[in-house]
Amino acid sequence: MEIKVLIATHKKVELPQDSIYLPIHVGKENKEDFGYIGDNSGENISYKNDYYSELTAIYWAWKNLNSDFVGLVHYRRFFAKSRTLFWKKEPLSSEDIIALCEKHDLILPNKRRYYIENLYSHYANTHDISHLDKTREIIEASSPEYLFSFDKVLKRKSAHMFNMFIMRKALFDDYCEWLFSILFQLEKQIDLTKLSKFDARLIGRVSELLLDVWVDKNQFQYKEVGLLEIGSRFWLKLRKFLAAKFLKRKYKQSS
């Protein structure tokens, strides 16, 4: 069984030295080469990285990998071992991932919970809600069988975020076919060139919410795994979250 878990990164950093992981330089087109395979090789949309974020790595994997399982993590976010020495979290090893894939077709991170608001209201408080409204219109027109799940998921107060997953390649191909057909239409409906660099990454943000729509509609069974965030800034994130909720301050930069 061949498994490849991509590590999306835009800079040279210390990464797990494990053959199951494949570091990929996202947005590499016209950027400095620091030794990782680039999302600008083979069939790719590297030039869209300013809008699609880690999705350019996902697209690259869809078009250029033939592994039995494909996954994506980030240079500062990994799936974590459930139990480690002295409670110090560590990324999953090859042995851990193989064991999971032998039992499950789809592995996702533990849900992020928002508690005091649902996914739709959270997006409305932090970004431009027209992004999600336009996405709903596209789904209604192009894949209406997903509309019920879209509405259902956006009313939830938790979601599998960060576009992180490990899944069987057949599922991955199906997901990407559906996902990118929607996102390419959304891109055409918004003039991304008039937005700030932070706001223009909306395609990547919308896609984070669509993963659960796809899972819910198809009733896929999945295994949840813990999340390791390197350099986590929990209190800063919490402060921004509360300011968005109660003071209506939109997000202006990543945290």
# chains A, B, ... in the order shown; residues from 1 in each chain; ligands from 1
call {"tool": "select_by_dssp", "arguments": {"residues": "range 38-240 of chain A", "states": "strand (DSSP E)", "output": "MDAnalysis selection string"}}
result
chainID A and resid 38 69:74 77:79 106:109 112:113 158:159 165:168 223:225 227:229
call {"tool": "write_last_selection", "arguments": {"atoms": "C-alpha atoms", "output": "PDB file, in the first residue's frame"}}
result
ATOM      1  CA  GLY A  38       6.912  22.424  -6.300  1.00  0.00           C
ATOM      2  CA  PHE A  69      -3.919   6.994  -0.245  1.00  0.00           C
ATOM      3  CA  VAL A  70      -3.317  10.745  -0.444  1.00  0.00           C
ATOM      4  CA  GLY A  71      -3.202  13.197   2.447  1.00  0.00           C
ATOM      5  CA  LEU A  72      -2.431  16.794   3.242  1.00  0.00           C
ATOM      6  CA  VAL A  73      -1.034  18.469   6.355  1.00  0.00           C
ATOM      7  CA  HIS A  74       0.776  21.783   6.854  1.00  0.00           C
ATOM      8  CA  ARG A  77      -0.176  21.561  11.524  1.00  0.00           C
ATOM      9  CA  PHE A  78       0.050  17.767  11.632  1.00  0.00           C
ATOM     10  CA  PHE A  79      -2.045  14.810  12.670  1.00  0.00           C
ATOM     11  CA  LEU A 106     -10.941   8.568   5.368  1.00  0.00           C
ATOM     12  CA  ILE A 107      -9.005  10.196   8.212  1.00  0.00           C
ATOM     13  CA  LEU A 108      -9.823  13.746   9.377  1.00  0.00           C
ATOM     14  CA  PRO A 109      -8.607  16.033  12.185  1.00  0.00           C
ATOM     15  CA  ARG A 112     -12.747  22.733  15.535  1.00  0.00           C
ATOM     16  CA  ARG A 113     -15.609  23.910  17.743  1.00  0.00           C
ATOM     17  CA  SER A 158     -18.009  22.693  14.464  1.00  0.00           C
ATOM     18  CA  ALA A 159     -16.127  21.534  11.368  1.00  0.00           C
ATOM     19  CA  PHE A 165      -7.177  14.721   5.496  1.00  0.00           C
ATOM     20  CA  ILE A 166      -5.830  11.337   4.473  1.00  0.00           C
ATOM     21  CA  MET A 167      -8.115   9.398   2.138  1.00  0.00           C
ATOM     22  CA  ARG A 168      -8.216   6.564  -0.326  1.00  0.00           C
ATOM     23  CA  LYS A 223     -11.743   8.373  11.696  1.00  0.00           C
ATOM     24  CA  GLU A 224     -10.901  11.524  13.645  1.00  0.00           C
ATOM     25  CA  VAL A 225      -7.310  12.076  14.804  1.00  0.00           C
ATOM     26  CA  LEU A 227      -4.156  17.859  15.810  1.00  0.00           C
ATOM     27  CA  LEU A 228      -0.648  19.106  16.521  1.00  0.00           C
ATOM     28  CA  GLU A 229      -0.218  22.848  15.959  1.00  0.00           C
TER      29      GLU A 229
END
call {"tool": "select_by_dssp", "arguments": {"residues": "range 136-247 of chain A", "states": "alpha helix (DSSP H)", "output": "VMD selection string"}}
result
chain A and resid 136 to 142 147 to 154 169 to 189 202 to 218 234 to 247
call {"tool": "write_last_selection", "arguments": {"atoms": "C-alpha atoms", "output": "compact mmCIF listing (two decimals), in the first residue's frame"}}
result
# COMPACT_ATOMS: atom_id res chain seq x y z
CA ARG A 136 -24.57 28.13 -2.33
CA GLU A 137 -25.97 29.47 -5.61
CA ILE A 138 -23.32 27.55 -7.55
CA ILE A 139 -24.11 24.32 -5.71
CA GLU A 140 -27.83 24.84 -6.23
CA ALA A 141 -27.27 25.19 -9.97
CA SER A 142 -24.52 22.62 -10.59
CA LEU A 147 -27.66 21.70 -1.25
CA PHE A 148 -29.32 20.09 1.77
CA SER A 149 -25.94 19.10 3.22
CA PHE A 150 -24.52 22.56 2.50
CA ASP A 151 -27.29 24.21 4.51
CA LYS A 152 -27.02 21.58 7.23
CA VAL A 153 -23.25 21.92 7.64
CA LEU A 154 -23.31 25.75 7.71
CA LYS A 169 -7.30 7.79 -3.81
CA ALA A 170 -10.67 6.88 -5.34
CA LEU A 171 -12.40 9.08 -2.75
CA PHE A 172 -9.81 11.79 -3.24
CA ASP A 173 -10.41 11.87 -7.00
CA ASP A 174 -14.17 12.10 -6.48
CA TYR A 175 -13.77 14.88 -3.92
CA CYS A 176 -11.43 16.94 -6.09
CA GLU A 177 -13.66 16.61 -9.15
CA TRP A 178 -16.60 18.00 -7.17
CA LEU A 179 -14.66 20.60 -5.19
CA PHE A 180 -12.72 22.26 -7.99
CA SER A 181 -15.73 22.38 -10.29
CA ILE A 182 -17.38 24.62 -7.67
CA LEU A 183 -14.32 26.70 -6.81
CA PHE A 184 -13.43 27.48 -10.42
CA GLN A 185 -16.95 28.86 -10.87
CA LEU A 186 -16.69 30.88 -7.67
CA GLU A 187 -13.39 32.37 -8.81
CA LYS A 188 -15.05 33.66 -11.99
CA GLN A 189 -17.77 35.44 -10.02
CA LEU A 202 -11.15 33.32 0.09
CA ILE A 203 -11.16 30.32 -2.27
CA GLY A 204 -9.08 28.37 0.24
CA ARG A 205 -11.30 29.46 3.14
CA VAL A 206 -14.54 28.45 1.42
CA SER A 207 -13.08 25.06 0.54
CA GLU A 208 -12.46 24.27 4.22
CA LEU A 209 -16.23 24.26 4.77
CA LEU A 210 -17.00 22.23 1.66
CA LEU A 211 -15.13 19.14 2.84
CA ASP A 212 -17.80 18.41 5.46
CA VAL A 213 -20.54 19.08 2.90
CA TRP A 214 -19.07 16.37 0.67
CA VAL A 215 -18.67 13.97 3.60
CA ASP A 216 -22.22 14.58 4.87
CA LYS A 217 -23.90 14.21 1.49
CA ASN A 218 -22.16 10.90 0.77
CA PHE A 234 -4.38 30.15 21.04
CA TRP A 235 -5.01 33.30 23.06
CA LEU A 236 -4.47 35.60 20.07
CA LYS A 237 -6.89 33.50 18.03
CA LEU A 238 -9.44 33.55 20.83
CA ARG A 239 -9.21 37.33 21.18
CA LYS A 240 -9.74 37.81 17.44
CA PHE A 241 -12.63 35.34 17.47
CA LEU A 242 -14.42 37.19 20.28
CA ALA A 243 -13.76 40.59 18.68
CA ALA A 244 -15.31 39.34 15.44
CA LYS A 245 -18.33 37.91 17.23
CA PHE A 246 -19.16 40.80 19.56
CA LEU A 247 -17.44 43.85 18.03
call {"tool": "atom_distance", "arguments": {"atom1": "CA of Asp50 in chain A", "atom2": "CA of Lys197 in chain A"}}
result
7.1 Å
call {"tool": "atom_distance", "arguments": {"atom1": "CA of Asp199 in chain A", "atom2": "CA of Ile45 in chain A"}}
result
19.1 Å
call {"tool": "residues_around", "arguments": {"residues": "Leu119 in chain A", "least_positions_apart": "3", "cutoff": "7 Å", "atoms": "only C-alpha atoms", "output": "ChimeraX atom specification"}}
result
/A:122-123,154-157
call {"tool": "atom_distance", "arguments": {"atom1": "CA of Tyr47 in chain A", "atom2": "CA of Phe34 in chain A"}}
result
17.7 Å
call {"tool": "closest_residue", "arguments": {"among": "A:Ser130, A:Ser67, A:Ser94, A:Asn110", "to": "Ser82 in chain A", "atoms": "only C-alpha atoms"}}
result
A:Asn110
